[in-house]
file coords-v5.txt (compact mmCIF, C-alpha atoms and all ligand atoms)
# COMPACT_ATOMS: atom_id res chain seq x y z
CA MET A 1 -16.58 -15.25 13.06
CA ALA A 2 -13.24 -13.62 12.27
CA ILE A 3 -11.56 -12.31 9.13
CA GLU A 4 -7.85 -13.13 9.44
CA ILE A 5 -4.75 -12.64 7.32
CA ARG A 6 -3.76 -16.18 6.43
CA ALA A 7 -0.72 -15.42 4.24
CA THR A 8 1.28 -12.58 2.70
CA GLY A 9 3.46 -12.00 -0.37
CA ARG A 10 5.36 -9.26 -2.17
CA ALA A 11 7.01 -8.47 -5.49
CA ILE A 12 9.88 -6.01 -5.76
CA PRO A 13 11.52 -5.20 -9.13
CA SER A 14 15.22 -6.08 -9.13
CA LYS A 15 16.42 -2.76 -10.58
CA ARG A 16 17.48 -0.54 -7.65
CA LEU A 17 17.91 3.21 -8.06
CA SER A 18 19.85 4.82 -5.21
CA ASN A 19 19.82 8.52 -4.32
CA ASP A 20 23.34 8.77 -5.74
CA ASP A 21 22.12 7.24 -9.02
CA LEU A 22 19.39 9.89 -9.20
CA ALA A 23 21.84 12.68 -8.43
CA LYS A 24 23.73 11.84 -11.64
CA THR A 25 20.86 13.20 -13.78
CA LEU A 26 18.94 15.46 -11.39
CA ASP A 27 19.79 18.50 -9.26
CA THR A 28 19.52 16.62 -5.95
CA ASN A 29 21.74 14.75 -3.51
CA ASP A 30 21.70 11.87 -1.08
CA GLU A 31 21.94 14.14 1.97
CA TRP A 32 18.84 16.20 1.01
CA ILE A 33 16.70 13.17 0.20
CA ILE A 34 17.64 11.28 3.39
CA SER A 35 17.25 14.28 5.68
CA HIS A 36 13.89 15.35 4.17
CA THR A 37 12.32 11.91 3.65
CA GLY A 38 14.39 9.02 5.08
CA ILE A 39 14.54 7.43 1.60
CA LYS A 40 17.83 5.93 0.32
CA ALA A 41 16.67 3.93 -2.70
CA ARG A 42 13.69 2.84 -4.75
CA HIS A 43 13.07 -0.11 -7.10
CA ILE A 44 11.96 0.43 -10.69
CA ALA A 45 10.09 -2.03 -12.91
CA ASP A 46 11.40 -2.76 -16.40
CA GLU A 47 9.45 -1.52 -19.43
CA ALA A 48 7.80 -4.90 -20.04
CA THR A 49 6.30 -5.07 -16.54
CA ALA A 50 2.82 -3.71 -15.82
CA CYS A 51 0.89 -3.30 -12.59
CA SER A 52 -0.84 -6.69 -12.97
CA ASP A 53 2.51 -8.49 -13.37
CA LEU A 54 3.78 -7.32 -9.98
CA ALA A 55 0.35 -7.95 -8.43
CA LEU A 56 0.30 -11.48 -9.82
CA GLU A 57 3.75 -12.26 -8.42
CA ALA A 58 2.82 -10.96 -4.96
CA ALA A 59 -0.48 -12.90 -5.00
CA ARG A 60 1.30 -16.12 -6.03
CA HIS A 61 3.75 -15.71 -3.13
CA ALA A 62 0.84 -15.28 -0.71
CA LEU A 63 -0.92 -18.40 -2.05
CA ALA A 64 2.36 -20.36 -1.96
CA MET A 65 2.68 -19.46 1.71
CA ALA A 66 -0.92 -20.51 2.38
CA ILE A 67 -0.52 -24.02 0.93
CA THR A 68 2.52 -24.79 3.11
CA GLN A 69 0.70 -23.92 6.35
CA GLU A 70 -0.38 -26.50 8.88
CA GLY A 71 -3.86 -27.79 8.13
CA ALA A 72 -3.97 -26.28 4.63
CA GLN A 73 -6.70 -27.97 2.58
CA GLU A 74 -5.33 -26.87 -0.80
CA LYS A 75 -2.00 -28.47 -1.63
CA THR A 76 -1.25 -26.83 -4.98
CA LEU A 77 -1.12 -23.23 -6.20
CA GLU A 78 -3.87 -24.04 -8.72
CA ASP A 79 -6.23 -25.29 -6.00
CA ALA A 80 -5.37 -22.35 -3.76
CA ALA A 81 -6.22 -19.95 -6.61
CA LEU A 82 -9.56 -21.71 -7.13
CA SER A 83 -10.33 -21.29 -3.41
CA VAL A 84 -10.30 -17.47 -3.73
CA ASP A 85 -13.78 -15.91 -3.81
CA LEU A 86 -12.82 -12.30 -4.52
CA ILE A 87 -9.86 -10.18 -5.54
CA ILE A 88 -9.57 -6.53 -4.60
CA LEU A 89 -6.66 -4.54 -5.96
CA GLY A 90 -5.71 -1.05 -4.83
CA THR A 91 -3.76 0.96 -7.37
CA ALA A 92 -3.28 4.42 -8.81
CA THR A 93 -1.31 3.04 -11.75
CA PRO A 94 -3.52 0.34 -13.34
CA ASP A 95 -2.65 -1.57 -16.51
CA TYR A 96 -5.41 0.31 -18.36
CA HIS A 97 -7.25 3.55 -17.80
CA GLY A 98 -10.86 2.98 -16.74
CA CYS A 99 -11.37 -0.58 -17.93
CA PRO A 100 -10.75 -3.42 -17.61
CA SER A 101 -9.77 -3.46 -13.95
CA THR A 102 -6.27 -4.68 -13.18
CA ALA A 103 -7.88 -7.06 -10.66
CA CYS A 104 -9.64 -8.86 -13.54
CA ILE A 105 -6.33 -9.30 -15.36
CA VAL A 106 -4.78 -10.78 -12.21
CA GLN A 107 -7.83 -13.03 -11.76
CA ASP A 108 -7.30 -14.42 -15.26
CA LYS A 109 -3.52 -14.87 -14.99
CA LEU A 110 -3.91 -16.53 -11.60
CA ALA A 111 -6.70 -18.77 -12.95
CA ALA A 112 -8.78 -17.78 -9.91
CA ARG A 113 -11.89 -18.76 -11.82
CA ASN A 114 -14.26 -18.64 -8.84
CA ALA A 115 -13.34 -15.10 -7.85
CA PHE A 116 -15.01 -11.82 -8.74
CA ALA A 117 -12.55 -8.97 -9.03
CA MET A 118 -12.37 -5.20 -8.87
CA ASP A 119 -9.98 -2.30 -8.37
CA ILE A 120 -10.13 0.30 -5.67
CA THR A 121 -8.94 3.84 -6.39
CA ALA A 122 -8.05 5.44 -3.08
CA GLY A 123 -4.46 6.49 -3.73
CA CYS A 124 -2.00 5.31 -1.10
CA THR A 125 -4.93 4.33 1.18
CA GLY A 126 -6.09 1.74 -1.41
CA PHE A 127 -4.91 -1.31 0.54
CA ILE A 128 -6.55 -0.11 3.77
CA TYR A 129 -9.83 0.53 1.93
CA GLY A 130 -9.38 -2.89 0.27
CA ILE A 131 -9.07 -4.78 3.56
CA GLU A 132 -12.26 -3.26 4.97
CA THR A 133 -14.18 -3.78 1.70
CA ALA A 134 -13.04 -7.40 1.34
CA ALA A 135 -13.87 -8.16 4.99
CA ALA A 136 -17.39 -6.75 4.56
CA LEU A 137 -17.93 -8.75 1.37
CA LEU A 138 -16.71 -11.95 3.05
CA ALA A 139 -18.90 -11.36 6.08
CA HIS A 140 -21.97 -10.66 3.95
CA ALA A 141 -22.27 -14.03 2.16
CA PRO A 142 -21.94 -17.40 3.92
CA SER A 143 -20.45 -19.01 0.78
CA ARG A 144 -17.53 -16.55 0.54
CA LYS A 145 -14.47 -17.62 2.49
CA ARG A 146 -11.29 -16.19 0.99
CA ALA A 147 -10.20 -12.88 -0.50
CA LEU A 148 -6.97 -11.69 -2.02
CA VAL A 149 -6.30 -8.04 -1.22
CA ILE A 150 -3.47 -6.59 -3.30
CA GLY A 151 -1.71 -3.23 -3.53
CA SER A 152 0.33 -2.82 -6.71
CA GLU A 153 1.99 0.19 -8.32
CA ILE A 154 4.21 1.15 -11.23
CA LEU A 155 4.61 4.77 -10.12
CA SER A 156 7.84 5.20 -12.09
CA ARG A 157 5.78 5.34 -15.30
CA PHE A 158 3.71 8.31 -14.05
CA THR A 159 6.56 10.18 -12.43
CA ASP A 160 7.95 13.41 -13.83
CA TRP A 161 11.65 12.51 -13.71
CA HIS A 162 12.57 16.20 -14.12
CA ASP A 163 10.63 17.27 -11.00
CA ARG A 164 13.01 16.80 -8.08
CA THR A 165 10.29 17.71 -5.55
CA SER A 166 8.33 14.55 -6.39
CA CYS A 167 10.36 12.02 -8.40
CA VAL A 168 12.74 11.22 -5.53
CA LEU A 169 9.79 10.02 -3.45
CA PHE A 170 8.35 7.15 -5.48
CA GLY A 171 9.11 3.51 -6.27
CA ASP A 172 7.45 0.41 -7.76
CA GLY A 173 6.28 -2.77 -6.05
CA ALA A 174 3.36 -4.93 -4.97
CA GLY A 175 2.14 -6.66 -1.84
CA ALA A 176 -0.72 -9.09 -1.27
CA VAL A 177 -2.55 -10.76 1.60
CA LEU A 178 -4.89 -13.73 1.64
CA LEU A 179 -7.83 -12.98 3.94
CA GLU A 180 -9.80 -15.91 5.32
CA LYS A 181 -13.10 -16.07 7.16
CA THR A 182 -13.17 -18.50 10.05
CA SER A 183 -16.42 -19.24 11.84
CA ASP A 184 -15.00 -20.80 15.00
CA ALA A 185 -12.31 -18.19 15.75
CA PRO A 186 -11.88 -16.93 19.33
CA GLN A 187 -13.12 -13.44 20.19
CA ARG A 188 -11.19 -10.43 18.90
CA ARG A 189 -9.05 -12.24 16.35
CA GLY A 190 -8.26 -10.93 12.85
CA LEU A 191 -9.71 -7.61 11.68
CA VAL A 192 -11.25 -5.83 14.67
CA GLY A 193 -11.98 -2.46 13.13
CA SER A 194 -11.18 0.08 10.41
CA ILE A 195 -11.38 3.83 9.99
CA LEU A 196 -11.84 5.20 6.45
CA THR A 197 -12.07 8.87 5.54
CA ALA A 198 -12.21 10.99 2.38
CA ASP A 199 -11.95 14.70 1.71
CA GLY A 200 -12.36 15.40 -1.98
CA SER A 201 -11.77 19.11 -1.47
CA GLY A 202 -8.06 18.19 -1.48
CA ALA A 203 -8.26 16.33 -4.81
CA GLU A 204 -5.98 18.82 -6.58
CA HIS A 205 -3.12 18.26 -4.11
CA LEU A 206 -2.20 14.85 -5.50
CA ILE A 207 -3.43 14.23 -9.00
CA ILE A 208 -2.73 12.54 -12.33
CA ARG A 209 -4.52 15.11 -14.42
CA GLN A 210 -4.21 13.91 -18.01
CA GLY A 211 -6.02 11.11 -19.79
CA GLY A 212 -9.32 10.97 -17.88
CA SER A 213 -12.66 12.37 -19.05
CA ARG A 214 -11.74 15.86 -17.71
CA HIS A 215 -8.61 16.06 -19.89
CA ALA A 216 -9.05 13.29 -22.43
CA PHE A 217 -6.56 12.57 -25.20
CA ARG A 218 -8.12 12.81 -28.64
CA ALA A 219 -6.88 11.51 -31.98
CA GLY A 220 -4.42 13.98 -33.48
CA ASP A 221 -3.71 15.76 -30.18
CA ALA A 222 -0.07 16.52 -29.53
CA VAL A 223 0.72 15.15 -26.09
CA ARG A 224 1.93 18.29 -24.34
CA VAL A 225 1.63 16.92 -20.83
CA PRO A 226 1.64 13.16 -20.37
CA PRO A 227 -0.15 11.58 -17.39
CA ILE A 228 2.17 12.39 -14.48
CA ILE A 229 1.79 12.75 -10.74
CA GLU A 230 1.40 16.39 -9.68
CA MET A 231 1.75 17.02 -5.97
CA ASN A 232 1.49 19.92 -3.55
CA GLY A 233 4.08 18.55 -1.10
CA HIS A 234 3.37 21.01 1.72
CA ALA A 235 -0.40 20.47 1.63
CA VAL A 236 -0.02 16.68 1.58
CA TYR A 237 2.54 16.81 4.40
CA THR A 238 0.22 18.81 6.68
CA PHE A 239 -2.74 16.59 5.82
CA ALA A 240 -0.67 13.44 6.41
CA VAL A 241 0.54 14.33 9.92
CA LYS A 242 -3.05 15.14 10.97
CA ALA A 243 -4.43 12.03 9.25
CA VAL A 244 -1.95 9.67 10.95
CA THR A 245 -2.62 11.19 14.38
CA GLU A 246 -6.41 11.21 14.04
CA THR A 247 -6.61 7.73 12.52
CA ILE A 248 -4.61 6.18 15.36
CA GLU A 249 -6.75 7.95 17.97
CA LYS A 250 -10.06 7.00 16.31
CA LEU A 251 -9.00 3.39 15.68
CA LEU A 252 -8.02 2.92 19.33
CA ALA A 253 -11.26 4.52 20.54
CA GLU A 254 -13.37 2.40 18.18
CA THR A 255 -11.67 -0.93 18.97
CA LYS A 256 -11.06 -0.19 22.68
CA PHE A 257 -7.37 -1.05 22.53
CA THR A 258 -4.70 1.13 24.10
CA ILE A 259 -1.58 2.24 22.24
CA ASP A 260 0.53 0.17 24.65
CA GLU A 261 -1.23 -2.98 23.49
CA VAL A 262 -0.28 -2.32 19.86
CA ARG A 263 2.86 -4.26 18.86
CA TRP A 264 3.39 -2.67 15.43
CA ILE A 265 2.04 0.36 13.61
CA ILE A 266 2.51 -0.34 9.90
CA PRO A 267 2.22 3.05 8.24
CA HIS A 268 2.06 4.04 4.61
CA GLN A 269 5.76 4.47 3.80
CA ALA A 270 5.82 8.03 2.48
CA ASN A 271 8.19 10.04 4.61
CA ARG A 272 9.96 9.31 7.90
CA ARG A 273 9.43 12.94 9.01
CA ILE A 274 5.63 12.65 8.72
CA LEU A 275 5.67 9.63 11.03
CA ALA A 276 8.17 11.17 13.43
CA ALA A 277 5.98 14.29 13.70
CA ALA A 278 2.80 12.24 14.29
CA GLY A 279 4.61 9.96 16.78
CA LYS A 280 5.94 12.96 18.68
CA ARG A 281 2.49 14.54 18.93
CA MET A 282 1.09 11.33 20.38
CA GLY A 283 4.09 10.26 22.48
CA ILE A 284 4.56 7.06 20.45
CA PRO A 285 8.20 5.91 20.20
CA GLU A 286 9.53 5.72 16.63
CA GLU A 287 10.47 2.03 17.06
CA ARG A 288 6.77 1.17 17.25
CA PHE A 289 6.41 2.18 13.56
CA PHE A 290 7.69 -0.46 11.12
CA LEU A 291 9.59 1.34 8.38
CA ASN A 292 11.15 0.08 5.16
CA LEU A 293 10.92 3.26 3.07
CA GLU A 294 14.70 3.57 3.16
CA GLU A 295 14.88 0.77 0.59
CA TYR A 296 11.61 1.00 -1.37
CA ALA A 297 10.52 4.67 -1.07
CA ASN A 298 6.81 5.42 -1.46
CA THR A 299 5.07 2.60 -3.35
CA SER A 300 1.58 4.04 -2.71
CA ALA A 301 -1.08 1.34 -2.24
CA ALA A 302 1.64 -1.34 -2.19
CA SER A 303 3.64 0.06 0.70
CA ILE A 304 1.63 -1.40 3.60
CA PRO A 305 1.26 -4.96 2.22
CA ILE A 306 4.96 -4.99 1.30
CA ALA A 307 5.81 -3.98 4.89
CA LEU A 308 3.38 -6.58 6.27
CA ASP A 309 5.06 -9.31 4.23
CA GLU A 310 8.51 -8.23 5.41
CA LEU A 311 7.37 -8.36 9.03
CA ASN A 312 5.66 -11.71 8.55
CA ARG A 313 8.48 -13.43 6.67
CA GLY A 314 11.02 -11.84 9.01
CA GLY A 315 9.38 -13.69 11.94
CA LYS A 316 8.45 -10.41 13.64
CA LEU A 317 4.75 -11.24 14.07
CA GLN A 318 3.54 -13.59 16.81
CA LYS A 319 0.03 -14.98 17.12
CA GLY A 320 -2.01 -12.56 19.19
CA ASP A 321 0.06 -9.47 18.29
CA VAL A 322 -2.07 -6.36 17.83
CA ILE A 323 -1.10 -4.52 14.66
CA MET A 324 -2.37 -1.35 13.09
CA THR A 325 -2.14 -0.05 9.53
CA VAL A 326 -2.40 3.67 8.95
CA GLY A 327 -2.26 5.53 5.66
CA PHE A 328 -3.13 8.64 3.67
CA GLY A 329 -3.04 9.65 0.05
CA ALA A 330 -4.68 10.96 -3.08
CA GLY A 331 -8.37 11.81 -2.84
CA LEU A 332 -7.50 12.98 -0.27
CA THR A 333 -8.11 9.76 1.62
CA SER A 334 -6.89 8.33 4.90
CA GLY A 335 -7.58 5.40 7.17
CA GLY A 336 -6.35 2.44 9.12
CA ASN A 337 -7.12 -1.15 10.11
CA LEU A 338 -6.61 -2.76 13.50
CA LEU A 339 -5.94 -6.50 13.45
CA VAL A 340 -5.08 -9.18 15.98
CA TRP A 341 -2.58 -11.47 14.23
O1 LIG A 401 1.70 9.18 -0.48
C1 LIG A 401 1.64 10.55 -0.25
C2 LIG A 401 2.66 11.16 -1.15
N1 LIG A 401 3.20 12.41 -0.83
C3 LIG A 401 3.85 12.75 0.30
O2 LIG A 401 3.94 12.06 1.25
C4 LIG A 401 4.51 14.10 0.26
C5 LIG A 401 4.42 14.87 1.53
N2 LIG A 401 5.33 15.99 1.48
C6 LIG A 401 6.64 15.83 1.77
O3 LIG A 401 7.06 14.75 2.10
C7 LIG A 401 7.53 17.03 1.70
O4 LIG A 401 6.76 18.20 1.52
C8 LIG A 401 8.63 16.93 0.57
C9 LIG A 401 9.60 15.81 0.88
C10 LIG A 401 7.95 16.67 -0.77
C11 LIG A 401 9.39 18.24 0.47
O5 LIG A 401 10.04 18.51 1.71
P1 LIG A 401 10.10 19.97 2.31
O6 LIG A 401 10.91 19.93 3.53
O7 LIG A 401 8.67 20.44 2.43
O8 LIG A 401 10.88 20.79 1.22
P2 LIG A 401 10.43 22.07 0.42
O9 LIG A 401 9.41 21.69 -0.61
O10 LIG A 401 10.04 23.14 1.40
O11 LIG A 401 11.77 22.50 -0.29
C12 LIG A 401 12.86 23.03 0.45
C13 LIG A 401 14.00 23.29 -0.51
C14 LIG A 401 13.59 24.07 -1.75
O12 LIG A 401 14.67 24.90 -2.11
P3 LIG A 401 14.63 26.48 -1.76
O13 LIG A 401 13.42 27.01 -2.46
O14 LIG A 401 14.51 26.55 -0.27
O15 LIG A 401 15.93 26.97 -2.30
C15 LIG A 401 13.42 23.01 -2.81
O16 LIG A 401 13.63 23.50 -4.12
O17 LIG A 401 14.50 22.02 -0.99
C16 LIG A 401 14.52 22.04 -2.43
N3 LIG A 401 14.27 20.68 -2.89
C17 LIG A 401 15.26 19.82 -3.14
N4 LIG A 401 16.60 19.91 -3.06
C18 LIG A 401 17.32 18.83 -3.39
C19 LIG A 401 13.08 20.09 -3.14
N5 LIG A 401 13.29 18.82 -3.55
C20 LIG A 401 14.63 18.63 -3.57
C21 LIG A 401 15.43 17.53 -3.89
N6 LIG A 401 16.78 17.67 -3.78
N7 LIG A 401 14.91 16.33 -4.30

call {"tool": "encode", "arguments": {"input": "coords-v5.txt", "output": "structure tokens"}}
result
Amino acid sequence: MAIEIRATGRAIPSKRLSNDDLAKTLDTNDEWIISHTGIKARHIADEATACSDLALEAARHALAMAITQEGAQEKTLEDAALSVDLIILGTATPDYHGCPSTACIVQDKLAARNAFAMDITAGCTGFIYGIETAAALLAHAPSRKRALVIGSEILSRFTDWHDRTSCVLFGDGAGAVLLEKTSDAPQRRGLVGSILTADGSGAEHLIIRQGGSRHAFRAGDAVRVPPIIEMNGHAVYTFAVKAVTETIEKLLAETKFTIDEVRWIIPHQANRRILAAAGKRMGIPEERFFLNLEEYANTSAASIPIALDELNRGGKLQKGDVIMTVGFGAGLTSGGNLLVW
């Protein structure tokens, strides 16, 4: 048995905000942002778009890819949606706080009537957690065959646009993959292993404080601080370099691959310097990391599936390629998946 990525999709809002655009209203500049992060632009959703809308678009693109593939049993988007057994959506910026899950809204809009659906809250590691969770759920029941795993974020709506230390980092977007269980797959195909970690002692370092049960809004309250991302950049940076290094080492040890066998490392797209520092520590050339943060900035749980879709549609993935995801984020969480394409 193998759990393989059958198809990918992404949704990127058309509105592009460059560093120069930001510098018109904020005390920052293109040179600082590029040299400290590698980011040149980010894409921002319009007011009418919510997390589920981007997720839906990305999921539809993945299903549209699946129905055009050789040997596809489902020939229409409707049939492909009905073939999905579960939907897992990683996000820190859901349509609604607490309930319902954004995954349920996507399930309804997609008319994936045979799928159960749930969100995963693991910050920027949400997609990595989602892949491992979906794979386990597929493996557990013989009747389950297909899962949609989605990362979707509207970070721009929870960004403090006056805080130059954080607002320059984030963007909006969504990515999706269709996972499929195949019983007759050759050995070591698809998802080979995952590493997932959590360290809640770092919860305060990356937090949306307002609006939950700890700091609930009550009728009549003046909203002094809206729900916005608060970040301790230095603490997250230090954690991230260590997390990337340790995840790669553990994932290789667990799956018994060597770094030379890995074609692409697809990291969470937070900051080029974090990846350069981790790569340097481990002697991994920078070209082995696939980066697109220049254009999209940090889209949290969406960044890895967006990058995967770019690689896939760009013809940069061949059957048999060994690829590795690696990420870190709020929680604090970190992790990675190793897959044979
Ligand atoms: O998904 C996980 C999400 N979070 C992350 O990945 C964040 C990880 N952390 C980082 O990437 C980095 O810590 C930052 C990019 C956030 C900050 O980079 P840094 O090199 O640690 O800068 P700094 O905070 O030490 O600030 C250096 C200087 C300060 O000025 P002074 O005090 O030296 O005069 C800041 O005020 O740069 C200033 N600064 C800026 N200047 C222009 C901070 N942000 C900006 C800005 N434009 N946007």

call {"tool": "residues_near_ligand", "arguments": {"input": "coords-v5.txt", "ligand": "ligand LIG 401 (chain A)", "cutoff": "7 Å", "atoms": "only C-alpha atoms and all ligand atoms", "output": "PyMOL selection string"}}
result
chain A and resi 27-29+32-33+36-37+124+164-166+168+233-234+236-237+270-271+298+300+328-330

call {"tool": "atom_distance", "arguments": {"input": "coords-v5.txt", "atom1": "CA of Met1 (chain A)", "atom2": "CA of Thr182 (chain A)"}}
result
5.6 Å

call {"tool": "closest_residue", "arguments": {"input": "coords-v5.txt", "among": "A:Val223, A:Leu317, A:Ala240, A:Ile120", "to": "Ala277 (chain A)", "atoms": "only C-alpha atoms"}}
result
A:Ala240

call {"tool": "residues_around", "arguments": {"input": "coords-v5.txt", "residues": "Lys181 (chain A)", "least_positions_apart": "3", "cutoff": "10 Å", "atoms": "all atoms listed in the file", "output": "PDB file with C-alpha atoms, in the frame of the given file"}}
result
ATOM      1  CA  MET A   1     -16.580 -15.250  13.060  1.00  0.00           C
ATOM      2  CA  ALA A   2     -13.240 -13.620  12.270  1.00  0.00           C
ATOM      3  CA  ILE A   3     -11.560 -12.310   9.130  1.00  0.00           C
ATOM      4  CA  GLU A   4      -7.850 -13.130   9.440  1.00  0.00           C
ATOM      5  CA  ILE A   5      -4.750 -12.640   7.320  1.00  0.00           C
ATOM      6  CA  ARG A   6      -3.760 -16.180   6.430  1.00  0.00           C
ATOM      7  CA  ALA A 135     -13.870  -8.160   4.990  1.00  0.00           C
ATOM      8  CA  LEU A 138     -16.710 -11.950   3.050  1.00  0.00           C
ATOM      9  CA  ALA A 139     -18.900 -11.360   6.080  1.00  0.00           C
ATOM     10  CA  PRO A 142     -21.940 -17.400   3.920  1.00  0.00           C
ATOM     11  CA  ARG A 144     -17.530 -16.550   0.540  1.00  0.00           C
ATOM     12  CA  LYS A 145     -14.470 -17.620   2.490  1.00  0.00           C
ATOM     13  CA  ARG A 146     -11.290 -16.190   0.990  1.00  0.00           C
ATOM     14  CA  ALA A 147     -10.200 -12.880  -0.500  1.00  0.00           C
ATOM     15  CA  ASP A 184     -15.000 -20.800  15.000  1.00  0.00           C
ATOM     16  CA  ALA A 185     -12.310 -18.190  15.750  1.00  0.00           C
ATOM     17  CA  GLY A 190      -8.260 -10.930  12.850  1.00  0.00           C
TER      18      GLY A 190
END

call {"tool": "atom_distance", "arguments": {"input": "coords-v5.txt", "atom1": "CA of Cys99 (chain A)", "atom2": "CA of Ala136 (chain A)"}}
result
24.1 Å

call {"tool": "atom_distance", "arguments": {"input": "coords-v5.txt", "atom1": "CA of Ala307 (chain A)", "atom2": "CA of Ile266 (chain A)"}}
result
7.0 Å

call {"tool": "residues_near_point", "arguments": {"input": "coords-v5.txt", "point": "(2.5, -11.0, -8.9)", "cutoff": "10 Å", "atoms": "only C-alpha atoms", "output": "ChimeraX atom specification"}}
result
/A:9-12,51-62,106,109-110,150,152,173-176

call {"tool": "axis_aligned_box", "arguments": {"input": "coords-v5.txt", "around": "region 78-86 of chain A", "padding_each_side": "5 Å", "output": "AutoDock Vina command-line options"}}
result
--center_x -8.8 --center_y -18.8 --center_z -6.1 --size_x 19.9 --size_y 23.0 --size_z 15.3

call {"tool": "residues_around", "arguments": {"input": "coords-v5.txt", "residues": "Ala301 (chain A)", "least_positions_apart": "5", "cutoff": "12 Å", "atoms": "all atoms listed in the file", "output": "VMD selection string"}}
result
chain A and resid 51 55 88 to 94 119 to 131 149 to 155 170 to 176 267 to 270 306 to 307 325 to 330 333 to 334

call {"tool": "closest_residue", "arguments": {"input": "coords-v5.txt", "among": "A:Cys167, A:Tyr296, A:Leu137, A:Ser194", "to": "Thr25 (chain A)", "atoms": "only C-alpha atoms"}}
result
A:Cys167

call {"tool": "closest_residue", "arguments": {"input": "coords-v5.txt", "among": "A:Glu132, A:Glu249, A:Asp309, A:Asp79", "to": "Val192 (chain A)", "atoms": "only C-alpha atoms"}}
result
A:Glu132

call {"tool": "closest_residue", "arguments": {"input": "coords-v5.txt", "among": "A:Tyr96, A:Phe289, A:Trp264, A:Phe158", "to": "Lys316 (chain A)", "atoms": "all atoms listed in the file"}}
result
A:Trp264

call {"tool": "closest_residue", "arguments": {"input": "coords-v5.txt", "among": "A:Asp221, A:Ala243, A:Leu291, A:Pro227", "to": "Asp199 (chain A)", "atoms": "all atoms listed in the file"}}
result
A:Ala243

call {"tool": "closest_residue", "arguments": {"input": "coords-v5.txt", "among": "A:Asp95, A:Asp85, A:Asp321, A:Asp108", "to": "Arg157 (chain A)", "atoms": "only C-alpha atoms"}}
result
A:Asp95

call {"tool": "residues_near_point", "arguments": {"input": "coords-v5.txt", "point": "(-2.3, 14.9, -4.0)", "cutoff": "6 Å", "atoms": "only C-alpha atoms", "output": "list in words"}}
result
Glu204, His205, Leu206, Ile207, Met231 and Ala330 of chain A

call {"tool": "write_last_selection", "arguments": {"input": "coords-v5.txt", "atoms": "C-alpha atoms", "output": "mmCIF file, in the frame of the given file"}}
result
data_model
loop_
_atom_site.group_PDB
_atom_site.id
_atom_site.type_symbol
_atom_site.label_atom_id
_atom_site.label_comp_id
_atom_site.auth_asym_id
_atom_site.auth_seq_id
_atom_site.Cartn_x
_atom_site.Cartn_y
_atom_site.Cartn_z
ATOM 1 C CA GLU A 204 -5.980 18.820 -6.580
ATOM 2 C CA HIS A 205 -3.120 18.260 -4.110
ATOM 3 C CA LEU A 206 -2.200 14.850 -5.500
ATOM 4 C CA ILE A 207 -3.430 14.230 -9.000
ATOM 5 C CA MET A 231 1.750 17.020 -5.970
ATOM 6 C CA ALA A 330 -4.680 10.960 -3.080
#

call {"tool": "residues_around", "arguments": {"input": "coords-v5.txt", "residues": "Ile208 (chain A)", "least_positions_apart": "4", "cutoff": "7 Å", "atoms": "all atoms listed in the file", "output": "MDAnalysis selection string"}}
result
chainID A and resid 227:230

call {"tool": "build_atoms", "arguments": {"input": "coords-v5.txt", "residues": "region 35-45 of chain A", "atoms": "N, CA and C atoms", "output": "mmCIF file, in the coordinates of the input"}}
result
data_model
loop_
_atom_site.group_PDB
_atom_site.id
_atom_site.type_symbol
_atom_site.label_atom_id
_atom_site.label_comp_id
_atom_site.auth_asym_id
_atom_site.auth_seq_id
_atom_site.Cartn_x
_atom_site.Cartn_y
_atom_site.Cartn_z
ATOM 1 N N SER A 35 17.650 13.411 4.565
ATOM 2 C CA SER A 35 17.250 14.280 5.680
ATOM 3 C C SER A 35 15.800 14.756 5.558
ATOM 4 N N HIS A 36 15.267 14.863 4.331
ATOM 5 C CA HIS A 36 13.890 15.350 4.170
ATOM 6 C C HIS A 36 12.867 14.231 4.103
ATOM 7 N N THR A 37 13.309 12.994 3.830
ATOM 8 C CA THR A 37 12.320 11.910 3.650
ATOM 9 C C THR A 37 12.676 10.596 4.358
ATOM 10 N N GLY A 38 13.970 10.320 4.548
ATOM 11 C CA GLY A 38 14.390 9.020 5.080
ATOM 12 C C GLY A 38 14.620 7.980 3.990
ATOM 13 N N ILE A 39 14.422 8.382 2.716
ATOM 14 C CA ILE A 39 14.540 7.430 1.600
ATOM 15 C C ILE A 39 15.995 7.358 1.104
ATOM 16 N N LYS A 40 16.477 6.082 0.882
ATOM 17 C CA LYS A 40 17.830 5.930 0.320
ATOM 18 C C LYS A 40 17.799 5.360 -1.101
ATOM 19 N N ALA A 41 16.746 4.582 -1.382
ATOM 20 C CA ALA A 41 16.670 3.930 -2.700
ATOM 21 C C ALA A 41 15.220 3.657 -3.047
ATOM 22 N N ARG A 42 15.001 3.270 -4.295
ATOM 23 C CA ARG A 42 13.690 2.840 -4.750
ATOM 24 C C ARG A 42 13.938 1.777 -5.812
ATOM 25 N N HIS A 43 12.926 0.936 -6.082
ATOM 26 C CA HIS A 43 13.070 -0.110 -7.100
ATOM 27 C C HIS A 43 12.150 0.217 -8.273
ATOM 28 N N ILE A 44 12.668 -0.013 -9.478
ATOM 29 C CA ILE A 44 11.960 0.430 -10.690
ATOM 30 C C ILE A 44 11.701 -0.767 -11.612
ATOM 31 N N ALA A 45 10.450 -0.908 -12.021
ATOM 32 C CA ALA A 45 10.090 -2.030 -12.910
ATOM 33 C C ALA A 45 10.633 -1.801 -14.313
#
